[in-house]
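Visitor: Next comes protein_17.txt, compact mmCIF, C-alpha atoms:
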```
# COMPACT_ATOMS: atom_id res chain seq x y z
CA MET A 1 81.82 107.63 128.79
CA SER A 2 80.40 110.96 129.79
CA TYR A 3 76.73 111.47 130.47
CA ALA A 4 76.91 115.20 130.85
CA PRO A 5 74.93 117.03 128.18
CA THR A 6 75.92 120.22 126.49
CA HIS A 7 74.34 123.52 127.38
CA SER A 8 72.10 123.25 124.35
CA ALA A 9 70.19 120.54 126.17
CA ARG A 10 68.50 123.19 128.25
CA GLU A 11 65.56 125.21 127.22
CA VAL A 12 64.43 128.50 128.60
CA ASP A 13 60.73 129.29 128.65
CA GLY A 14 59.07 132.65 128.54
CA SER A 15 59.44 133.23 132.28
CA GLY A 16 63.19 132.85 132.00
CA ALA A 17 63.28 129.60 134.00
CA ALA A 18 65.48 126.91 132.63
CA HIS A 19 64.05 123.45 132.12
CA PRO A 20 66.12 120.47 131.25
CA ARG A 21 65.12 119.04 127.90
CA VAL A 22 65.04 115.33 127.34
CA ARG A 23 67.05 114.08 124.41
CA SER A 24 65.09 112.41 121.69
CA ARG A 25 66.90 109.14 122.28
CA ASP A 26 65.79 108.92 125.87
CA LYS A 27 62.84 106.74 126.55
CA ALA A 28 59.85 108.14 128.40
CA GLY A 29 60.39 105.56 131.12
CA ASP A 30 63.87 106.83 131.78
CA VAL A 31 62.63 110.33 132.32
CA GLY A 32 59.88 109.34 134.72
CA LEU A 33 62.29 107.24 136.70
CA ALA A 34 64.84 109.99 136.88
CA LEU A 35 62.35 112.60 138.01
CA THR A 36 60.72 110.51 140.70
CA VAL A 37 63.99 109.68 142.43
CA ALA A 38 64.62 112.10 145.26
CA PRO A 39 67.80 113.92 144.31
CA ARG A 40 70.70 113.79 146.70
CA GLN A 41 73.30 116.51 146.91
CA GLY A 42 75.36 116.33 143.73
CA GLU A 43 73.15 113.62 142.27
CA TYR A 44 72.27 115.70 139.22
CA GLU A 45 74.73 117.59 137.17
CA PRO A 46 73.68 121.13 136.31
CA GLY A 47 71.24 121.16 133.43
CA TYR A 48 70.83 117.40 133.23
CA VAL A 49 67.68 115.39 133.72
CA ARG A 50 69.21 111.98 134.34
CA SER A 51 70.86 111.22 137.66
CA ARG A 52 74.40 109.88 137.70
CA SER A 53 73.34 106.68 139.39
CA CYS A 54 70.64 106.12 136.79
CA GLY A 55 73.25 105.54 134.11
CA LYS A 56 74.39 102.42 135.91
CA PHE A 57 71.20 100.49 135.36
CA LEU A 58 69.64 102.19 132.36
CA ASP A 59 70.21 100.97 128.86
CA MET A 60 73.78 102.06 128.11
CA ASP A 61 73.28 101.92 124.33
CA ASP A 62 70.95 104.87 124.59
CA VAL A 63 73.66 107.08 125.96
CA ASP A 64 75.27 109.34 123.39
CA ALA A 65 78.88 108.64 122.52
CA PRO A 66 81.29 111.42 123.42
CA ARG A 67 81.47 113.97 120.63
CA ARG A 68 85.18 114.55 120.96
CA ALA A 69 88.05 112.23 120.14
CA SER A 70 90.69 111.29 122.68
CA PHE A 71 93.67 113.56 122.17
CA TRP A 72 96.25 110.89 123.01
CA LEU A 73 94.62 108.23 120.82
CA SER A 74 94.53 110.71 117.94
CA LEU A 75 98.20 111.48 118.53
CA LEU A 76 98.95 107.75 118.51
CA VAL A 77 97.20 107.36 115.13
CA ALA A 78 99.21 110.30 113.76
CA LEU A 79 102.42 108.73 115.08
CA GLY A 80 101.44 105.49 113.31
CA TRP A 81 101.19 107.42 110.06
CA TYR A 82 104.67 108.88 110.44
CA VAL A 83 106.13 105.47 111.27
CA THR A 84 104.37 103.94 108.25
CA ILE A 85 105.59 106.61 105.84
CA ILE A 86 109.19 106.52 107.07
CA ALA A 87 109.25 102.71 107.04
CA ALA A 88 107.81 102.62 103.51
CA VAL A 89 110.41 105.08 102.21
CA LEU A 90 113.24 103.09 103.81
CA VAL A 91 111.92 99.73 102.55
CA GLY A 92 111.24 101.10 99.06
CA GLY A 93 114.68 102.68 98.82
CA SER A 94 116.57 99.73 100.24
CA GLY A 95 115.47 97.41 97.40
CA LEU A 96 117.06 99.51 94.66
CA PRO A 97 120.33 98.08 93.30
CA ALA A 98 123.04 100.64 92.62
CA ALA A 99 125.56 100.61 89.80
CA PRO A 100 128.84 98.94 90.84
CA ASP A 101 131.08 101.26 88.82
CA ARG A 102 130.07 104.57 90.36
CA ASP A 103 132.61 107.24 91.08
CA CYS A 104 132.63 107.48 94.87
CA SER A 105 135.65 109.75 95.23
CA ALA A 106 133.62 112.80 96.27
CA VAL A 107 132.33 113.10 99.83
CA PHE A 108 128.71 111.95 100.33
CA SER A 109 128.51 110.77 96.70
CA CYS A 110 127.81 107.04 97.23
CA GLN A 111 125.42 106.77 100.13
CA THR A 112 122.64 104.37 100.81
CA LEU A 113 119.16 105.70 101.40
CA GLN A 114 119.49 105.00 105.12
CA GLU A 115 122.69 107.06 105.26
CA GLU A 116 121.06 109.88 103.32
CA PHE A 117 118.09 109.77 105.65
CA GLY A 118 120.36 109.87 108.70
CA LEU A 119 122.26 112.86 107.32
CA MET A 120 119.01 114.62 106.50
CA VAL A 121 117.81 114.12 110.06
CA ILE A 122 121.10 115.48 111.43
CA PHE A 123 121.22 118.59 109.23
CA PHE A 124 117.56 119.42 108.55
CA GLY A 125 115.70 117.05 110.82
CA GLY A 126 115.58 119.30 113.88
CA PRO A 127 113.44 122.11 112.42
CA ILE A 128 111.35 119.72 110.30
CA LEU A 129 110.67 117.32 113.16
CA ALA A 130 109.95 120.21 115.52
CA GLY A 131 107.58 121.72 112.95
CA LEU A 132 105.86 118.38 112.39
CA LEU A 133 105.51 117.77 116.13
CA PHE A 134 104.22 121.27 116.82
CA SER A 135 101.73 121.31 113.94
CA THR A 136 100.57 117.77 114.77
CA LEU A 137 99.93 118.76 118.38
CA VAL A 138 98.08 121.93 117.37
CA VAL A 139 96.00 120.36 114.59
CA THR A 140 95.18 117.31 116.72
CA GLY A 141 94.14 119.55 119.59
CA LEU A 142 91.89 121.58 117.30
CA LEU A 143 90.36 118.60 115.50
CA ALA A 144 89.88 116.43 118.59
CA ARG A 145 87.29 118.94 119.86
CA ARG A 146 85.19 118.65 116.71
CA VAL A 147 85.78 115.19 115.23
CA PRO A 148 84.49 112.27 117.32
CA SER A 149 86.81 109.60 115.86
CA PRO A 150 90.48 109.50 116.95
CA ILE A 151 91.36 107.63 113.73
CA LEU A 152 89.97 110.39 111.55
CA THR A 153 91.49 113.05 113.78
CA GLY A 154 94.95 111.47 113.69
CA THR A 155 94.80 110.95 109.92
CA LEU A 156 93.64 114.50 109.18
CA SER A 157 96.18 115.84 111.63
CA THR A 158 99.01 114.02 109.82
CA LEU A 159 97.82 115.28 106.44
CA GLY A 160 97.49 118.83 107.72
CA SER A 161 100.89 118.77 109.43
CA VAL A 162 102.66 117.38 106.37
CA VAL A 163 101.05 120.05 104.19
CA VAL A 164 102.02 122.80 106.66
CA VAL A 165 105.64 121.61 106.95
CA ALA A 166 105.95 121.05 103.18
CA ALA A 167 104.65 124.58 102.59
CA GLY A 168 107.19 125.87 105.11
CA VAL A 169 110.06 124.01 103.42
CA VAL A 170 109.01 125.31 99.97
CA TRP A 171 108.69 128.82 101.34
CA GLN A 172 112.19 128.61 102.84
CA GLY A 173 113.50 127.30 99.54
CA VAL A 174 111.94 130.12 97.52
CA ARG A 175 113.13 132.84 99.93
CA MET B 1 87.70 89.64 120.47
CA LYS B 2 85.50 90.56 117.51
CA ARG B 3 86.30 94.22 118.02
CA VAL B 4 90.02 93.47 118.12
CA GLY B 5 89.78 91.54 114.84
CA LEU B 6 87.84 94.32 113.17
CA GLY B 7 90.31 96.86 114.50
CA MET B 8 93.23 94.89 113.09
CA LEU B 9 91.46 94.68 109.73
CA PHE B 10 90.88 98.41 109.76
CA PHE B 11 94.45 99.31 110.67
CA ALA B 12 95.77 96.80 108.11
CA TRP B 13 93.93 98.88 105.52
CA LEU B 14 94.76 102.27 107.04
CA TYR B 15 98.51 101.72 107.27
CA GLY B 16 99.12 98.66 105.06
CA VAL B 17 97.74 99.97 101.77
CA PRO B 18 99.63 103.32 101.88
CA PHE B 19 102.77 101.43 102.92
CA LEU B 20 102.55 99.13 99.89
CA LEU B 21 101.67 102.02 97.59
CA ILE B 22 104.62 104.13 98.73
CA VAL B 23 107.03 101.18 98.40
CA GLY B 24 105.65 100.34 94.95
CA LEU B 25 105.71 103.91 93.69
CA ILE B 26 109.29 104.46 94.92
CA ARG B 27 110.38 101.34 93.04
CA ARG B 28 108.34 102.37 90.01
CA THR B 29 109.76 105.90 89.78
CA SER B 30 113.37 104.92 90.51
CA SER B 31 116.10 104.16 88.00
CA PRO B 32 117.75 101.07 89.44
CA TYR B 33 120.90 99.55 88.02
CA MET B 34 120.02 96.25 86.36
CA ALA B 35 122.90 94.18 85.12
CA ASN B 36 120.80 92.02 82.80
CA HIS B 37 117.32 91.67 81.39
CA ALA B 38 116.30 88.86 83.74
CA ALA B 39 117.08 90.99 86.80
CA ALA B 40 115.14 93.90 85.31
CA GLN B 41 112.16 91.65 84.64
CA ALA B 42 112.27 90.26 88.20
CA PHE B 43 112.41 93.81 89.59
CA GLY B 44 109.47 94.87 87.44
CA THR B 45 107.44 91.80 88.43
CA THR B 46 108.01 92.43 92.14
CA THR B 47 107.00 96.07 91.74
CA ASP B 48 103.87 95.04 89.84
CA THR B 49 102.98 92.54 92.57
CA ILE B 50 103.35 95.18 95.31
CA LEU B 51 101.23 97.73 93.44
CA THR B 52 98.58 95.16 92.50
CA ALA B 53 98.38 93.91 96.09
CA ALA B 54 97.95 97.48 97.31
CA LEU B 55 95.13 98.18 94.83
CA VAL B 56 93.35 94.88 95.53
CA LEU B 57 93.64 95.23 99.32
CA ASN B 58 92.39 98.80 99.04
CA LEU B 59 89.13 97.39 97.70
CA ALA B 60 88.94 94.11 99.60
CA LEU B 61 89.69 95.24 103.16
CA PRO B 62 87.09 98.04 103.47
CA VAL B 63 84.37 95.98 101.77
CA ALA B 64 85.13 92.92 103.90
CA GLY B 65 85.24 95.15 106.97
CA VAL B 66 81.81 96.66 106.29
CA LEU B 67 80.31 93.20 105.77
CA LEU B 68 81.95 91.69 108.86
CA ALA B 69 81.13 94.64 111.10
CA ARG B 70 77.48 94.53 110.01
CA LEU B 71 77.44 90.78 110.50
CA VAL B 72 78.55 91.06 114.13
CA ARG B 73 76.48 94.27 114.55
CA ASP B 74 79.34 96.38 115.72
CA ARG B 75 78.18 99.96 115.25
CA TYR B 76 81.55 101.56 115.97
CA TRP B 77 83.50 99.62 113.36
CA THR B 78 80.62 99.65 110.86
CA ARG B 79 80.77 103.43 110.97
CA HIS B 80 84.54 103.41 110.55
CA PHE B 81 84.53 100.91 107.68
CA ILE B 82 81.84 102.92 105.88
CA GLY B 83 84.13 105.91 106.30
CA SER B 84 87.00 103.84 104.92
CA LEU B 85 85.06 103.46 101.66
CA VAL B 86 85.56 107.21 101.16
CA GLY B 87 89.27 106.75 101.86
CA MET B 88 89.34 103.88 99.39
CA VAL B 89 87.94 106.12 96.63
CA LEU B 90 90.43 108.88 97.50
CA ILE B 91 93.32 106.42 97.26
CA TYR B 92 92.13 105.23 93.84
CA ILE B 93 91.85 108.84 92.68
CA ALA B 94 95.40 109.58 93.92
CA VAL B 95 96.75 106.50 92.14
CA SER B 96 94.95 107.37 88.91
CA ILE B 97 96.44 110.88 89.05
CA ALA B 98 99.92 109.37 89.52
CA ALA B 99 99.29 106.95 86.65
CA SER B 100 98.16 109.73 84.32
CA ALA B 101 101.29 111.75 85.18
CA ALA B 102 103.62 108.84 84.36
CA THR B 103 104.86 108.35 80.80
CA ALA B 104 104.77 104.53 81.04
CA PRO B 105 102.02 102.36 82.55
CA LEU B 106 102.12 102.06 86.33
CA ILE B 107 101.77 98.28 86.23
CA GLY B 108 103.53 96.19 83.61
CA TRP B 109 106.68 98.27 83.43
CA THR B 110 110.21 96.86 83.25
CA PRO B 111 113.23 99.05 84.01
CA THR B 112 115.96 99.40 81.42
CA ASP B 113 118.86 97.00 81.84
CA GLN B 114 122.57 97.37 81.17
CA GLU B 115 122.92 94.12 79.30
CA THR B 116 124.98 94.71 76.16
CA LYS B 117 123.11 93.99 72.98
CA PRO B 118 124.86 91.49 70.70
CA ARG B 119 126.57 93.23 67.82
CA VAL B 120 125.90 92.01 64.30
CA THR B 121 129.23 91.02 62.85
CA GLN B 122 128.18 88.76 60.03
CA CYS B 123 125.48 89.04 57.38
CA ILE B 124 124.00 85.97 55.79
CA PRO B 125 121.80 86.77 52.76
CA ILE B 126 118.49 84.87 52.65
CA SER B 127 115.94 84.57 49.87
CA GLY B 128 113.44 87.43 49.99
CA GLY B 129 115.29 89.26 52.81
CA HIS B 130 117.15 92.54 52.89
CA GLY B 131 120.45 92.80 51.13
CA CYS B 132 123.64 92.73 53.14
CA PRO B 133 125.55 96.06 53.54
CA GLY B 134 128.24 96.32 50.93
CA GLY B 135 126.50 93.89 48.59
```
Now that the file is in, can you turn its structure into structure tokens?
Guide:
Amino acid sequence: MSYAPTHSAREVDGSGAAHPRVRSRDKAGDVGLALTVAPRQGEYEPGYVRSRSCGKFLDMDDVDAPRRASFWLSLLVALGWYVTIIAAVLVGGSGLPAAPDRDCSAVFSCQTLQEEFGLMVIFFGGPILAGLLFSTLVVTGLLARRVPSPILTGTLSTLGSVVVVAAGVVWQGVR
Amino acid sequence: MKRVGLGMLFFAWLYGVPFLLIVGLIRRTSSPYMANHAAAQAFGTTTDTILTAALVLNLALPVAGVLLARLVRDRYWTRHFIGSLVGMVLIYIAVSIAASAATAPLIGWTPTDQETKPRVTQCIPISGGHGCPGG
């Protein structure tokens, strides 16, 4: 958990001197305590009123949660989505009975869904998987800076990536 | 321990409901080969059960999650479960769009079967009924 504030936590008065501003959540007691402690070298981070050591014994619930999601946790949530979707398609397709009297003389004419999926991965999977991976990494990286929840970031990243790759596939098909 | 339980509840909703919906919709939109009417009915019943479970869990899990998270005063998961209510509504909207696009009802559908219909080979005239072909 980071205690470092953003630059907006500083205020500049008319004389141009910068004064650290106390967040509204901070209690008055915290501020007085922080300001009366003699600062050691590196005790305060630039632009921050509370000392690093203060956070150890102050009320931790008053500390703001980090405003950015963990990139790797978001990526893990996105990976969970892909696993879920692929597993659902395989499970849904595997329960479908096929007609016993089909004409299977042509090549690739009587394949199970798993075989079709494997062939699709071999022939088209490379570009699609690479596109999904790349767009997921980019979208997750962009969203993780703005969205505080890794669950929301991973979910939105999956949605965005699927839309981007689907648009790319349609565009290739139309061309 | 409470947080782990709430997390499992949340991820059961996040991944479980879409999983069931995708499985159910694939079965619903497919044209499976059904040798007889009983097999077709069993297939339709299983599909209905999967779709119904998905729709019920989509409502039950987020609501239960909000209540439980508030009960144990877990701010993190309360926030997430309140957010899941928005996801719940979006899922219902997506399902209703799919249902409106389908020609038959989403739940309560039975696939066509290949069972041969018995041919009428004999006509027995009854009082007040239709006449037999050929008199």
Visitor: Can you measure atom CA of B:His80 to atom CA of B:Asn58 for me? One decimal in Å is fine.
Guide: 14.7 Å
Visitor: Starting from chain A, keep only residues with some atom at most 7 Å from an atom of chain B, counting all atoms listed in the file, and report them as a PyMOL selection string.
Guide: chain A and resi 81+84-85+88-89+91-93+96-99
Visitor: Atom CA of B:Arg73 to atom CA of B:Met8: how many Å, to one decimal?
Guide: 16.8 Å
Visitor: Give as an MDAnalysis selection string every residue, naming chains and numbers as the document does, that has an atom within 12 Å of (105.5, 118.0, 118.1), counting all atoms listed in the file.
Guide: chainID A and resid 75 78:79 82 126:141 157:158 161 165
Visitor: What gap, in Å, lies between atom CA of A:Leu90 and atom CA of A:Phe117?
Guide: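 If I compute the distance from atom CA of A:Leu90 to atom CA of A:Phe117, I get 8.5 Å.
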Visitor: Of the candidates B:Pro125, B:Gly44, B:Gly5, B:Gly87, which one gets nearest to B:Thr110 if we count only C-alpha atoms?
Guide: B:Gly44
Visitor: Between B:Leu6, B:Ala99, B:Ile124, B:Met1, which has the minimum distance to B:Leu71 (counting all atoms listed in the file)?
Guide: B:Leu6
Visitor: Counting all atoms listed in the file, which of B:Thr52, B:Ser127, B:Asn36, B:Thr78 gets nearest to B:Pro111?
Guide: B:Asn36
Visitor: Counting all atoms listed in the file, which of A:Ile122, A:Leu142, A:Ile151, A:Val169 gets nearest to A:Leu73?
Guide: A:Ile151
Visitor: Determine the nearest neighbour of B:Val89 from the options B:Leu9, B:Val63, B:Cys132, B:Val4, counting all atoms listed in the file.
Guide: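 Residue with the minimum atom-to-atom distance to B:Val89: B:Val63.
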Visitor: Counting only C-alpha atoms, which residue out of B:Ile107, B:Ile82, B:Ile97, B:Ala60 sits closest to B:Asp48?
Guide: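 The shortest atom-to-atom distance to B:Asp48 comes from B:Ile107.
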Visitor: Put the listed atoms of stretch 41-51 of chain B in a box along x, y and z with 3 Å added on every side and give me the centre and edge lengths in Å to one decimal, as lines of an AutoDock Vina configuration file.
Guide:
```
center_x = 106.8
center_y = 94.0
center_z = 90.0
size_x = 17.2
size_y = 13.5
size_z = 16.7
```
Visitor: Would you mind writing stretch 92-117 of chain B with N, CA and C atoms, as an mmCIF file, in the coordinates of the input?
Guide:
```cif
data_model
loop_
_atom_site.group_PDB
_atom_site.id
_atom_site.type_symbol
_atom_site.label_atom_id
_atom_site.label_comp_id
_atom_site.auth_asym_id
_atom_site.auth_seq_id
_atom_site.Cartn_x
_atom_site.Cartn_y
_atom_site.Cartn_z
ATOM 1 N N TYR B 92 92.197 105.556 95.264
ATOM 2 C CA TYR B 92 92.130 105.230 93.840
ATOM 3 C C TYR B 92 92.286 106.492 92.982
ATOM 4 N N ILE B 93 91.705 107.583 93.431
ATOM 5 C CA ILE B 93 91.850 108.840 92.680
ATOM 6 C C ILE B 93 93.314 109.277 92.659
ATOM 7 N N ALA B 94 93.981 109.179 93.839
ATOM 8 C CA ALA B 94 95.400 109.580 93.920
ATOM 9 C C ALA B 94 96.250 108.700 93.009
ATOM 10 N N VAL B 95 95.973 107.406 92.987
ATOM 11 C CA VAL B 95 96.750 106.500 92.140
ATOM 12 C C VAL B 95 96.497 106.795 90.661
ATOM 13 N N SER B 96 95.247 107.091 90.312
ATOM 14 C CA SER B 96 94.950 107.370 88.910
ATOM 15 C C SER B 96 95.621 108.673 88.465
ATOM 16 N N ILE B 97 95.730 109.635 89.390
ATOM 17 C CA ILE B 97 96.440 110.880 89.050
ATOM 18 C C ILE B 97 97.917 110.586 88.801
ATOM 19 N N ALA B 98 98.498 109.742 89.691
ATOM 20 C CA ALA B 98 99.920 109.370 89.520
ATOM 21 C C ALA B 98 100.113 108.610 88.210
ATOM 22 N N ALA B 99 99.163 107.740 87.887
ATOM 23 C CA ALA B 99 99.290 106.950 86.650
ATOM 24 C C ALA B 99 99.183 107.847 85.421
ATOM 25 N N SER B 100 98.312 108.852 85.485
ATOM 26 C CA SER B 100 98.160 109.730 84.320
ATOM 27 C C SER B 100 99.392 110.626 84.151
ATOM 28 N N ALA B 101 100.098 110.897 85.271
ATOM 29 C CA ALA B 101 101.290 111.750 85.180
ATOM 30 C C ALA B 101 102.496 110.970 84.651
ATOM 31 N N ALA B 102 102.467 109.634 84.791
ATOM 32 C CA ALA B 102 103.620 108.840 84.360
ATOM 33 C C ALA B 102 103.594 108.643 82.845
ATOM 34 N N THR B 103 104.787 108.538 82.257
ATOM 35 C CA THR B 103 104.860 108.350 80.800
ATOM 36 C C THR B 103 104.616 106.895 80.409
ATOM 37 N N ALA B 104 104.973 105.963 81.297
ATOM 38 C CA ALA B 104 104.770 104.530 81.040
ATOM 39 C C ALA B 104 103.670 104.018 81.966
ATOM 40 N N PRO B 105 103.081 102.870 81.652
ATOM 41 C CA PRO B 105 102.020 102.360 82.550
ATOM 42 C C PRO B 105 102.563 102.061 83.949
ATOM 43 N N LEU B 106 101.689 102.254 84.934
ATOM 44 C CA LEU B 106 102.120 102.060 86.330
ATOM 45 C C LEU B 106 102.416 100.589 86.604
ATOM 46 N N ILE B 107 101.576 99.723 86.043
ATOM 47 C CA ILE B 107 101.770 98.280 86.230
ATOM 48 C C ILE B 107 102.104 97.672 84.870
ATOM 49 N N GLY B 108 103.105 96.787 84.872
ATOM 50 C CA GLY B 108 103.530 96.190 83.610
ATOM 51 C C GLY B 108 104.726 96.896 83.018
ATOM 52 N N TRP B 109 105.507 97.535 83.889
ATOM 53 C CA TRP B 109 106.680 98.270 83.430
ATOM 54 C C TRP B 109 107.946 97.512 83.826
ATOM 55 N N THR B 110 108.930 97.508 82.951
ATOM 56 C CA THR B 110 110.210 96.860 83.250
ATOM 57 C C THR B 110 111.313 97.898 83.109
ATOM 58 N N PRO B 111 112.168 98.045 84.120
ATOM 59 C CA PRO B 111 113.230 99.050 84.010
ATOM 60 C C PRO B 111 114.251 98.665 82.938
ATOM 61 N N THR B 112 114.940 99.674 82.449
ATOM 62 C CA THR B 112 115.960 99.400 81.420
ATOM 63 C C THR B 112 117.149 98.681 82.061
ATOM 64 N N ASP B 113 117.725 97.761 81.303
ATOM 65 C CA ASP B 113 118.860 97.000 81.840
ATOM 66 C C ASP B 113 120.140 97.385 81.112
ATOM 67 N N GLN B 114 121.247 97.001 81.707
ATOM 68 C CA GLN B 114 122.570 97.370 81.170
ATOM 69 C C GLN B 114 123.184 96.240 80.336
ATOM 70 N N GLU B 115 122.382 95.240 80.054
ATOM 71 C CA GLU B 115 122.920 94.120 79.300
ATOM 72 C C GLU B 115 123.306 94.592 77.894
ATOM 73 N N THR B 116 124.521 94.258 77.487
ATOM 74 C CA THR B 116 124.980 94.710 76.160
ATOM 75 C C THR B 116 124.269 93.918 75.073
ATOM 76 N N LYS B 117 123.793 94.644 74.100
ATOM 77 C CA LYS B 117 123.110 93.990 72.980
ATOM 78 C C LYS B 117 124.153 93.333 72.065
#
```
